Structure formats: structure tokens, C-alpha cells
>>> print(open('data39.cif').read())   # mmCIF, C-alpha atoms
data_query
loop_
_atom_site.label_atom_id
_atom_site.label_comp_id
_atom_site.auth_asym_id
_atom_site.auth_seq_id
_atom_site.Cartn_x
_atom_site.Cartn_y
_atom_site.Cartn_z
CA ILE A 1 7.15 16.57 -19.35
CA ILE A 2 4.47 15.61 -16.85
CA TYR A 3 5.29 13.53 -13.77
CA VAL A 4 2.90 11.99 -11.24
CA SER A 5 4.94 13.17 -8.22
CA LYS A 6 7.77 15.48 -7.27
CA ALA A 7 9.81 12.39 -6.41
CA GLY A 8 9.27 11.02 -9.92
CA ARG A 9 10.31 14.32 -11.45
CA GLN A 10 13.42 14.50 -9.27
CA SER A 11 14.39 10.96 -10.25
CA PHE A 12 14.37 11.96 -13.94
CA LEU A 13 16.10 15.29 -13.31
CA ASP A 14 18.88 13.40 -11.52
CA SER A 15 19.31 11.04 -14.47
CA PHE A 16 18.67 13.22 -17.51
CA ASP A 17 19.48 16.74 -18.62
CA ILE A 18 15.94 18.12 -18.62
CA PRO A 19 15.21 21.81 -18.02
CA MET A 20 13.01 22.18 -14.91
CA LYS A 21 10.83 24.75 -16.71
CA LYS A 22 9.73 22.01 -19.12
CA THR A 23 8.38 19.84 -16.29
CA ALA A 24 5.15 19.74 -14.30
CA VAL A 25 3.69 17.54 -11.60
CA VAL A 26 0.11 16.30 -11.94
CA TYR A 27 -0.83 13.77 -9.29
CA ASN A 28 -2.74 10.63 -10.17
CA GLY A 29 -6.41 10.73 -9.30
CA ILE A 30 -9.14 8.23 -8.60
CA SER A 31 -12.68 8.07 -9.92
CA GLU A 32 -15.55 10.03 -8.42
CA GLU A 33 -17.41 6.72 -8.04
CA LEU A 34 -14.65 5.33 -5.83
CA ILE A 35 -14.64 8.48 -3.74
CA GLU A 36 -18.41 8.33 -3.29
CA ASP A 37 -18.30 4.63 -2.43
CA GLY A 38 -15.48 5.25 0.03
CA ARG A 39 -17.34 8.10 1.67
CA GLU A 40 -19.92 5.59 2.89
CA ASN A 41 -17.23 3.45 4.54
CA SER A 42 -16.58 3.61 8.25
CA PRO A 43 -13.64 1.41 9.30
CA ARG A 44 -14.22 -0.27 12.63
CA PHE A 45 -12.24 -2.53 14.88
CA GLU A 46 -14.26 -5.57 15.88
CA ASN A 47 -11.89 -7.66 18.00
CA LYS A 48 -9.51 -8.24 15.09
CA LEU A 49 -7.06 -6.07 13.20
CA ASN A 50 -7.86 -6.55 9.50
CA VAL A 51 -4.78 -5.40 7.59
CA LEU A 52 -4.92 -4.92 3.82
CA TYR A 53 -2.25 -4.70 1.14
CA ILE A 54 -3.16 -4.15 -2.51
CA GLY A 55 -0.43 -4.10 -5.13
CA ARG A 56 2.00 -6.12 -7.17
CA LEU A 57 3.80 -9.00 -5.51
CA ILE A 58 7.37 -8.21 -6.45
CA LYS A 59 10.42 -7.98 -4.19
CA ILE A 60 10.60 -4.17 -4.07
CA LYS A 61 7.06 -3.90 -2.67
CA GLY A 62 8.24 -5.21 0.73
CA VAL A 63 5.32 -7.59 1.28
CA ASP A 64 7.72 -10.06 2.91
CA LEU A 65 8.32 -7.43 5.62
CA LEU A 66 4.58 -7.16 6.18
CA ILE A 67 4.26 -10.94 6.56
CA THR A 68 7.14 -10.91 9.06
CA ALA A 69 5.38 -8.15 11.02
CA VAL A 70 2.18 -10.21 11.15
CA ALA A 71 4.18 -13.16 12.51
CA GLN A 72 5.53 -10.90 15.27
CA LEU A 73 2.10 -9.50 16.14
CA LYS A 74 -0.14 -12.55 15.86
CA ASN A 75 0.52 -13.81 19.40
CA GLU A 76 -0.25 -10.42 20.95
CA PHE A 77 -3.16 -9.24 18.82
CA PRO A 78 -5.90 -10.93 16.81
CA ILE A 79 -4.80 -10.05 13.27
CA GLU A 80 -5.58 -10.98 9.67
CA LEU A 81 -3.73 -9.87 6.56
CA THR A 82 -5.37 -9.83 3.15
CA ILE A 83 -3.00 -9.56 0.20
CA VAL A 84 -4.63 -8.55 -3.08
CA GLY A 85 -2.40 -8.75 -6.12
CA ASP A 86 -0.14 -11.10 -8.00
CA GLY A 87 3.40 -11.28 -9.25
CA GLU A 88 6.61 -13.25 -9.40
CA GLU A 89 7.09 -13.18 -5.59
CA ARG A 90 3.75 -14.81 -4.79
CA PRO A 91 5.08 -18.40 -4.51
CA ARG A 92 7.89 -17.28 -2.21
CA LEU A 93 5.50 -15.19 -0.09
CA GLU A 94 3.07 -18.11 0.21
CA GLU A 95 5.94 -20.37 1.25
CA LYS A 96 7.05 -17.85 3.87
CA THR A 97 3.47 -17.69 5.16
CA LYS A 98 3.45 -21.49 5.59
CA ALA A 99 6.90 -21.54 7.19
CA LEU A 100 5.78 -18.95 9.76
CA SER A 101 2.52 -20.86 10.45
CA LEU A 102 0.41 -17.94 9.22
CA THR A 103 -1.92 -19.71 6.78
CA GLU A 104 -4.89 -19.14 9.11
CA CYS A 105 -4.39 -15.37 9.21
CA VAL A 106 -2.72 -14.42 5.89
CA HIS A 107 -4.91 -14.66 2.80
CA PHE A 108 -3.75 -14.34 -0.82
CA GLU A 109 -6.57 -13.15 -3.06
CA GLY A 110 -4.72 -12.78 -6.38
CA SER A 111 -5.40 -9.98 -8.84
CA GLN A 112 -8.86 -8.45 -8.53
CA ARG A 113 -10.58 -5.91 -10.74
CA ASN A 114 -13.04 -4.83 -8.06
CA THR A 115 -11.28 -4.07 -4.80
CA ALA A 116 -14.05 -2.11 -3.05
CA HIS A 117 -15.11 -4.91 -0.70
CA TYR A 118 -11.49 -5.44 0.39
CA TYR A 119 -11.23 -1.78 1.38
CA ARG A 120 -14.61 -1.99 3.16
CA ASN A 121 -13.57 -5.06 5.18
CA ALA A 122 -10.18 -3.70 6.28
CA ASN A 123 -9.52 -1.43 9.21
CA VAL A 124 -5.93 -0.51 8.29
CA PHE A 125 -4.00 -0.35 5.00
CA VAL A 126 -0.27 -1.02 4.85
CA TYR A 127 1.98 -0.18 1.89
CA PRO A 128 5.42 -1.61 2.82
CA SER A 129 7.29 -0.68 -0.36
CA ILE A 130 11.08 -0.52 -0.04
CA CYS A 131 11.71 1.12 -3.42
CA ARG A 132 11.49 4.78 -4.36
CA GLU A 133 7.82 4.64 -5.29
CA VAL A 134 6.81 7.38 -7.67
CA PHE A 135 3.17 7.24 -6.56
CA GLY A 136 1.09 4.62 -4.71
CA ILE A 137 -2.42 4.78 -6.14
CA SER A 138 -3.67 2.11 -3.72
CA ILE A 139 -2.68 4.44 -0.85
CA VAL A 140 -5.01 7.11 -2.24
CA GLU A 141 -7.79 4.55 -2.75
CA ALA A 142 -7.42 3.30 0.85
CA MET A 143 -7.57 6.86 2.12
CA ALA A 144 -10.76 7.45 0.10
CA TYR A 145 -12.26 4.59 2.15
CA GLY A 146 -11.17 6.28 5.36
CA LEU A 147 -8.57 3.64 6.19
CA PRO A 148 -5.66 4.52 8.44
CA THR A 149 -2.64 4.06 6.20
CA ILE A 150 0.91 3.04 7.08
CA ALA A 151 3.80 3.14 4.61
CA ASN A 152 7.55 3.45 4.36
CA LYS A 153 8.83 6.98 3.74
CA VAL A 154 10.12 6.36 0.23
CA GLY A 155 9.82 8.23 -3.05
CA GLY A 156 6.46 9.96 -3.48
CA VAL A 157 4.79 8.43 -0.41
CA PRO A 158 5.41 11.54 1.75
CA GLU A 159 3.61 13.57 -0.94
CA ILE A 160 0.48 11.50 -0.26
CA ILE A 161 0.75 10.81 3.46
CA GLU A 162 1.35 13.53 6.01
CA SER A 163 2.56 11.39 8.91
CA GLY A 164 0.38 11.75 11.98
CA VAL A 165 -2.31 13.63 10.03
CA ASN A 166 -3.76 11.36 7.34
CA GLY A 167 -1.56 8.28 7.81
CA TYR A 168 1.80 7.18 9.12
CA TRP A 169 5.13 6.56 7.49
CA THR A 170 8.36 5.29 8.83
CA ASN A 171 11.95 5.68 7.76
CA GLU A 172 12.50 1.98 8.45
CA MET A 173 12.92 -0.14 5.34
CA SER A 174 13.78 -3.52 6.84
#
>>> encode(input="data39.cif", output="C-alpha cells")
Amino acid sequence: IIYVSKAGRQSFLDSFDIPMKKTAVVYNGISEELIEDGRENSPRFENKLNVLYIGRLIKIKGVDLLITAVAQLKNEFPIELTIVGDGEERPRLEEKTKALSLTECVHFEGSQRNTAHYYRNANVFVYPSICREVFGISIVEAMAYGLPTIANKVGGVPEIIESGVNGYWTNEMS
């Protein structure tokens, strides 16, 4: 049985009687084209922190925590948050954005097939998931574009991000 992370394998081993010798981990990859495109990117800070999240908008992704963080930072730093993705939580997240008076700095872009220009325009990528993620492909894509990446230390995230080396993770989940 092939898993996309050690965390994913462990999750199944904890739940099912599967012999370890019949398992293997093969990490998800991204296209050579994306890697080449990302290689040309050079994130830069130009008087505003441009934060990016790409992923599904469901409760376990923790996007509400990211919006709360932007509300706490907006009076101290010029900041914008671009949220690319869709899901059942979008109406609630948009309402929270309005309630916190963030409509000028939080932008919902919906689902997008081509995300390259979002990665190019960001200068930091945040993946605030609060669930035991098996693998966060958008983390790998952001890293291909040279973006500093911040995520919660959950599931397979520590297999992608070595905190302080190629990104940052935290043990905080709320």
C-alpha cells in the first residue's frame, strides 16, 4: 500500500491491521513546469505583507484562524491576504471578514485552475490547517516559488517543512 506521507501511513496503521512490510511512502510531486516557473520567482517585500492561502475552504483548514491573525496584525503592519479556493465555509469566512472590517485587505478569489500569478504576487504563504494533514501540496508549490511558508505542525506538514530551514511551523492550533 502506497501512502503520500509517513503521517498518512501511520494513520492507517493505527486504524487497520496492515503489515508494515506491505507499505511504502511516495511523496506527492509537482510538475517540472511549475518548478521551472517558480525558479524565476523572487519574493519581495514592497511596503506590504502579501499573505497567500491556497486550499479548500472547510473548517479543518483553519482559514478562520488566519483571518483572525490578519485582524490582529492589520493595525501594526500593512497586510493583504489572498484566499484562493472554495468550499462550504466560504460564506462564514466572508461574513467574518466583514465583521472584522477586513474587506479592504482580505480577498476571496474562489477556485482557480492557474495559481501561478498568486504565488508570484505573494511574499509569504500560510497553511493554517488544524487537522492531521496527510500532505499539503500547496505548501510544496509555494516553496517551489521561493515563498517563506508558515504552517501548523500537524500530520505530514513536518515532513515537508523543516522549521527554521525551509519554512516555519508552530504547535499552536488555535
>>> atom_distance(input="data39.cif", atom1="CA of Val26 (chain A)", atom2="CA of Phe135 (chain A)")
11.0 Å
>>> resolve_selection(input="data39.cif", expression="the PyMOL selection byres ((chain A and resi 75-78) around 10)", output="list in words")
Glu46, Asn47, Lys48, Leu49, Asn50, Val70, Ala71, Gln72, Leu73, Lys74, Ile79, Glu80 and Cys105 of chain A
>>> atom_distance(input="data39.cif", atom1="CA of Lys96 (chain A)", atom2="CA of Ile58 (chain A)")
14.1 Å
>>> residues_around(input="data39.cif", residues="Thr170 (chain A)", least_positions_apart="3", cutoff="7 Å", atoms="all atoms listed in the file", output="number ranges by chain")
A: 151-153
>>> closest_residue(input="data39.cif", among="A:Leu147, A:Trp169, A:Val134, A:Gly62", to="Gln10 (chain A)", atoms="all atoms listed in the file")
A:Val134
>>> closest_residue(input="data39.cif", among="A:Tyr145, A:Lys59, A:Glu162, A:Tyr119", to="Pro91 (chain A)", atoms="all atoms listed in the file")
A:Lys59
>>> resolve_selection(input="data39.cif", expression="the PyMOL selection byres ((chain A and resi 82-88) around 12)", output="PyMOL selection string")
chain A and resi 49-61+63-64+66-67+70+79-81+89-94+97+102-119+121-128+138
>>> axis_aligned_box(input="data39.cif", around="region 33-42 of chain A", padding_each_side="3 Å", output="AutoDock Vina command-line options")
--center_x -17.3 --center_y 6.0 --center_z 0.1 --size_x 11.3 --size_y 11.0 --size_z 22.3
>>> closest_residue(input="data39.cif", among="A:Leu34, A:Leu13, A:Ala99, A:Ile130", to="Leu65 (chain A)", atoms="only C-alpha atoms")
A:Ile130
>>> atom_distance(input="data39.cif", atom1="CA of Val154 (chain A)", atom2="CA of Gly29 (chain A)")
19.6 Å
>>> closest_residue(input="data39.cif", among="A:Pro43, A:Gly156, A:Gly136, A:Gly146", to="Arg9 (chain A)", atoms="only C-alpha atoms")
A:Gly156
>>> closest_residue(input="data39.cif", among="A:Ile18, A:Thr68, A:Ala24, A:Val165", to="Val4 (chain A)", atoms="only C-alpha atoms")
A:Ala24
>>> closest_residue(input="data39.cif", among="A:Ile161, A:Ala69, A:Cys131, A:Ile1", to="Met20 (chain A)", atoms="all atoms listed in the file")
A:Ile1
>>> build_atoms(input="data39.cif", residues="region 3-14 of chain A", atoms="all heavy atoms", output="compact mmCIF listing (two decimals), in the frame of the given file")
# COMPACT_ATOMS: atom_id res chain seq x y z
N TYR A 3 4.96 14.60 -14.72
CA TYR A 3 5.29 13.53 -13.77
C TYR A 3 4.14 13.39 -12.78
O TYR A 3 3.42 14.35 -12.53
CB TYR A 3 6.58 13.87 -13.01
CG TYR A 3 7.76 14.07 -13.93
CD1 TYR A 3 8.08 15.34 -14.41
CD2 TYR A 3 8.52 13.00 -14.36
CE1 TYR A 3 9.14 15.52 -15.28
CE2 TYR A 3 9.58 13.18 -15.23
CZ TYR A 3 9.89 14.44 -15.69
OH TYR A 3 10.94 14.62 -16.54
N VAL A 4 4.00 12.22 -12.17
CA VAL A 4 2.90 11.99 -11.24
C VAL A 4 3.28 12.32 -9.79
O VAL A 4 2.45 12.20 -8.90
CB VAL A 4 2.34 10.55 -11.32
CG1 VAL A 4 1.74 10.29 -12.70
CG2 VAL A 4 3.40 9.53 -10.97
N SER A 5 4.52 12.73 -9.56
CA SER A 5 4.94 13.17 -8.22
C SER A 5 6.23 13.97 -8.35
O SER A 5 6.95 13.89 -9.34
CB SER A 5 5.17 11.97 -7.29
OG SER A 5 6.30 11.23 -7.71
N LYS A 6 6.51 14.74 -7.31
CA LYS A 6 7.77 15.48 -7.27
C LYS A 6 8.94 14.51 -7.21
O LYS A 6 9.99 14.76 -7.80
CB LYS A 6 7.79 16.42 -6.06
CG LYS A 6 6.80 17.54 -6.16
CD LYS A 6 6.77 18.35 -4.86
CE LYS A 6 5.64 19.37 -4.90
NZ LYS A 6 5.47 20.01 -3.59
N ALA A 7 8.75 13.40 -6.50
CA ALA A 7 9.81 12.39 -6.41
C ALA A 7 10.12 11.79 -7.78
O ALA A 7 11.27 11.56 -8.13
CB ALA A 7 9.41 11.29 -5.43
N GLY A 8 9.07 11.54 -8.57
CA GLY A 8 9.27 11.02 -9.92
C GLY A 8 10.01 12.01 -10.79
O GLY A 8 10.93 11.65 -11.54
N ARG A 9 9.63 13.28 -10.68
CA ARG A 9 10.31 14.32 -11.45
C ARG A 9 11.78 14.39 -11.05
O ARG A 9 12.66 14.43 -11.91
CB ARG A 9 9.64 15.67 -11.25
CG ARG A 9 10.42 16.79 -11.94
CD ARG A 9 9.72 18.12 -11.93
NE ARG A 9 9.45 18.58 -10.58
CZ ARG A 9 8.68 19.63 -10.31
NH1 ARG A 9 8.11 20.32 -11.29
NH2 ARG A 9 8.47 19.99 -9.07
N GLN A 10 12.04 14.39 -9.74
CA GLN A 10 13.42 14.50 -9.27
C GLN A 10 14.27 13.33 -9.75
O GLN A 10 15.43 13.49 -10.11
CB GLN A 10 13.48 14.61 -7.75
CG GLN A 10 14.85 15.01 -7.25
CD GLN A 10 15.32 16.35 -7.83
OE1 GLN A 10 14.61 17.36 -7.76
NE2 GLN A 10 16.51 16.36 -8.40
N SER A 11 13.68 12.15 -9.78
CA SER A 11 14.39 10.96 -10.25
C SER A 11 14.86 11.16 -11.70
O SER A 11 16.00 10.83 -12.03
CB SER A 11 13.48 9.74 -10.15
OG SER A 11 14.10 8.61 -10.69
N PHE A 12 14.00 11.72 -12.54
CA PHE A 12 14.37 11.96 -13.94
C PHE A 12 15.36 13.11 -14.06
O PHE A 12 16.30 13.05 -14.85
CB PHE A 12 13.13 12.21 -14.79
CG PHE A 12 12.52 10.95 -15.32
CD1 PHE A 12 11.70 10.17 -14.52
CD2 PHE A 12 12.79 10.53 -16.60
CE1 PHE A 12 11.16 9.00 -14.99
CE2 PHE A 12 12.25 9.36 -17.09
CZ PHE A 12 11.43 8.59 -16.28
N LEU A 13 15.17 14.16 -13.26
CA LEU A 13 16.10 15.29 -13.31
C LEU A 13 17.50 14.86 -12.89
O LEU A 13 18.49 15.38 -13.41
CB LEU A 13 15.61 16.43 -12.43
CG LEU A 13 14.35 17.15 -12.91
CD1 LEU A 13 13.88 18.16 -11.87
CD2 LEU A 13 14.55 17.81 -14.26
N ASP A 14 17.58 13.91 -11.96
CA ASP A 14 18.88 13.40 -11.52
C ASP A 14 19.56 12.55 -12.59
O ASP A 14 20.78 12.43 -12.61
CB ASP A 14 18.73 12.55 -10.25
CG ASP A 14 18.35 13.37 -9.03
OD1 ASP A 14 18.46 14.61 -9.08
OD2 ASP A 14 17.92 12.77 -8.02
